[in-house]
Each structure stands twice: as C-alpha cells, then as structure tokens.
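The structure under discussion appears below in the form of structure tokens.
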Amino acid sequence: MKKRIMLCMLAFVLCLAAAAPVYAAEDSAAERGLAAIKATQNWDYIVLPKEESYLDEWKTLYGRRAWYAPSLYVESMPLPSSGEPLRPNLFEGTRVTVVAEENDMSCILYQDVNYKTCAGWIQSIRLLEDFPGKCGDIGEPPEGEWETVSELEQRWSGCWLPYTEQPYTVLGETVENCVGFTLEYQIIDENTPLKWMLWGARSVCVSDGETWTPVGAFPYEENGTVRVQVWLPEPMDIQAFATVAHCHAPNIFDFRQTAHDFLVKK
C-alpha cells in the first residue's frame with residue numbers, strides 16, 4: 001500500500017514538472033549574430049564567424065572606400081583580398097551593422113541598392129563611425145514632439161515618377177503624420193565620362209499614394225554620397241519618396257537612395 005502511495009505521489013510531481021513553463025536561457029552573442037546573418041539573402045555564400053568572434057554589442061558604422069576604388073569589395077571569408085569577392089559591392093556611406101570581428105575583418109550586414117539585406121566580410125579599417133559624405137538640410141524642424149520610426153521595408157517602384165524617366169522608392173507601409181526623415185543619395189554608375197553633365201540640384205518629392213508633393217532640394221555638385229535631413233512643411237502621410245535630378249543628363253546614370261529615421265508627430 002505504501003509503495004502504491006509513493007508511486008502515485010511521484011507521478012503527481014512528474015505531471016506538475018511537465019506542466020510548468022520552460023524558460024530558455026538568454027541567447028548568446030553567437031546565437032544572436034548567427035540568426036541575423038541567416039536572415040540575409042546571401043548568408044550561405046559566406047564563411048560564418050567563429051563562435052568567439054561574435055560581438056556582444058553590434059556596431060553601426062559607415063563604409064569608406066579607398067580613393068582609387070569606386071566602391072568597397074565585400075569578401076566571402078575573413079581574409080583581405082581573399083579572391084572571393086561578393087556581389088553586390090558596398091557603396092561609400094552605406095550604413096552597416098557589424099556583428100562579428102575576426103582577423104582585422106568585420107562581418108557586416110548591409111543593404112544593397114535594391115533594398116535587400118546582405119552579409120559579408122570587409123576590412124575593419126574601411127569602416128568609420130562618422131558618415132563620410134556631405135550632409136545637408138531641407139526645411140526647418142517643426143515645433144512640438146515626435147517619435148522615430150527607425151526602419152521600414154523599401155522597394156523600387158518599377159515605374160517612373162510622373163513627368164520624368166526616373167524611378168522612385170515605395171515604403172512597406174505608410175508613415176502617418178510624418179514631419180521629417182533622413183535621406184541618403186548617391187550616383188553609383190555614371191555611364192558617361194562627362195561627369196559635369198550629372199551635377200545639379202536634386203528635388204525631393206513625397207507621395208501619400210495619390211499626390212506627389214515637392215518638399216525642397218539639395219545640391220549635388222560632385223559625385224559622392226550625400227545625407228540630407230528632410231523637414232516637411234507640415235505633417236504628411238508618406239507612402240513613397242523620390243529624387244528628381246536637375247542636370248544636363250538626368251536619365252543616364254544609376255543611383256542609390258534610401259530613407260530612414262522617419263519622425264512622426266506625437
């Protein structure tokens with residue numbers, strides 16, 4: 001009888017243990033870094049970092065090309081000039097996230113010109129804490145308070161901005177009551193030896209999905225990366241944005257543009 005009672009009590013305790021929630025330990029730096037790498041479109045083309053190479057705190061830095069190179073080569077392994085460069089290249093001024101460091105190389109996550117997240121290795125010396133290009137402003141900051149929407153999915157429109165032959169960028173979701181955002185712009189392929197034909201002001205336009213509204217312009221007098229803080233004249237709903245080139249040959253070059261840190265009125 002006593003043996004039967006003991007068996008029943010043991011079974012009851014085991015049932016309670018099975019019903020109790022299981023709490024997983026906090027992910028390690030290697031687990032977090034590996035998960036971020038595997039979320040990219042090309043992770044299976046690179047050599048993964050060693051477990052001890054992952055950073056506890058990721059770094060946000062900017063690519064800086066050598067003076068003789070049009071862009072930065074991204075390697076498939078943590079070796080400089082490995083002979084295994086990846087595509088796409090990294091363009092100067094592009095924000096990157098460093099998740100691991102090894103052999104004076106950084107394993108980075110970065111966005112290509114088609115807004116796809118990629119992974120790869122790059123020499124750590126080619127990364128800067130400060131944005132390497134020119135900075136500017138459009139408009140004036142409004143009164144009041146706002147909050148930041150840091151990252152949004154983006155894609156090329158697949159069609160031209162009305163009355164131009166230039167594509168624009170569509171956001172993954174509409175930003176309501178937006179008062180400003182940060183725009184990055186850069187010519188990445190000139191398609192002409194006459195660079196001066198590409199220089200001139202760039203107008204910035206935003207759309208709520210129905211109407212395009214010009215909100216200002218910034219100068220672009222030499223090829224390079226530019227970051228502009230755009231302040232809107234009033235709170236707007238933004239579904240897409242565009243840059244319009246005012247130059248001699250506005251439709252022959254390729255460019256990259258991206259927007260981030262959208263500011264929304266509280």
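Letters for chains follow the order of the structure tokens (A, B, ...), residue numbers begin at 1 for each chain, and ligand numbers begin at 1 in the order shown.
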Using only C-alpha atoms, I'd like a table of the residues in region 45-95 of chain A that come within 12 Å of region 189-196 of chain A; for each, show the closest atom pair and its distance in Å rounded to one decimal, ordered by chain and ascending number, as a Markdown table.
```
| residue | atom | partner | partner_atom | distance |
| --- | --- | --- | --- | --- |
| A:Pro70 | CA | A:Asp189 | CA | 9.0 |
| A:Ser71 | CA | A:Asp189 | CA | 10.5 |
| A:Phe91 | CA | A:Asp189 | CA | 10.9 |
```
Written file, previous selection with N, CA and C atoms, as a compact mmCIF listing (two decimals), in the first residue's frame:
```txt
# COMPACT_ATOMS: atom_id res chain seq x y z
N PRO A 70 35.94 52.63 -56.90
CA PRO A 70 34.60 53.20 -56.97
C PRO A 70 33.69 52.76 -55.83
N SER A 71 34.02 51.63 -55.21
CA SER A 71 33.19 51.11 -54.12
C SER A 71 34.06 50.21 -53.25
N PHE A 91 28.71 50.40 -51.20
CA PHE A 91 28.98 51.76 -51.65
C PHE A 91 29.28 52.66 -50.45
```
Checklist entry - Which neighbours of Lys266 (chain A) fall inside 10 Å, counting only C-alpha atoms, when residues of the same chain fewer than 5 positions from it are skipped, and could you give them as a list in words? => result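 What passes the distance filter is Gly144, Glu145, Trp146, Glu147, Thr148, Asn177 and Cys178 of chain A.
If only C-alpha atoms are the atoms counted, then among A:Thr213, A:Gln154, A:Gln166, A:Thr225 the closest residue to Pro250 (chain A) is A:Gln166.
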Next on the checklist: For region 197-212 of chain A, find every residue with an atom within 8 Å (counting only C-alpha atoms), except residues of its own chain fewer than 5 positions away, and show them as a ChimeraX atom specification.
Outcome noted: /A:174,190,217-223,236-250,253
Under the rule of at most 10 Å, produce a per-residue listing of region 165-255 of chain A near region 107-114 of chain A: chain, number, name, the closest pair of atoms, and the distance in Å, as CSV, using only C-alpha atoms.
```
residue,atom,partner,partner_atom,distance
A:Thr169,CA,A:Asn114,CA,9.9
A:Ile188,CA,A:Val113,CA,9.2
A:Asp254,CA,A:Val113,CA,9.9
A:Phe255,CA,A:Val113,CA,8.1
```
Next on the checklist: Let's see if you can do this: from backbone DSSP, list all strand (DSSP E or B) residues in region 74-104 of chain A, as a ChimeraX atom specification.
Outcome noted: /A:74-75,85-90,95-102
Next on the checklist: Please determine, counting only C-alpha atoms, which residue among A:Tyr168, A:Trp58, A:Tyr73, A:Tyr185 has the shortest atom-to-atom distance to Leu90 (chain A).
Outcome noted: A:Tyr73
Checklist entry - Which of these residues is nearest to Ile138 (chain A), using only C-alpha atoms: A:Leu232, A:Ala100, A:Ala35, A:Ala30? => result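 Going through A:Leu232, A:Ala100, A:Ala35, A:Ala30 one by one, the smallest distance to Ile138 (chain A) is for A:Leu232.
You will find CA of Gly63 (chain A) at 8.3 Å from CA of Phe131 (chain A).
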Item to check | Nearest candidate to Ala29 (chain A) (options A:Asp44, A:Asp56, A:Glu51, A:Glu140; using only C-alpha atoms) | outcome: A:Asp56
Item to check | One-decimal distance in Å that lies between CA of Leu48 (chain A) and CA of Ile122 (chain A) | outcome: 13.2 Å
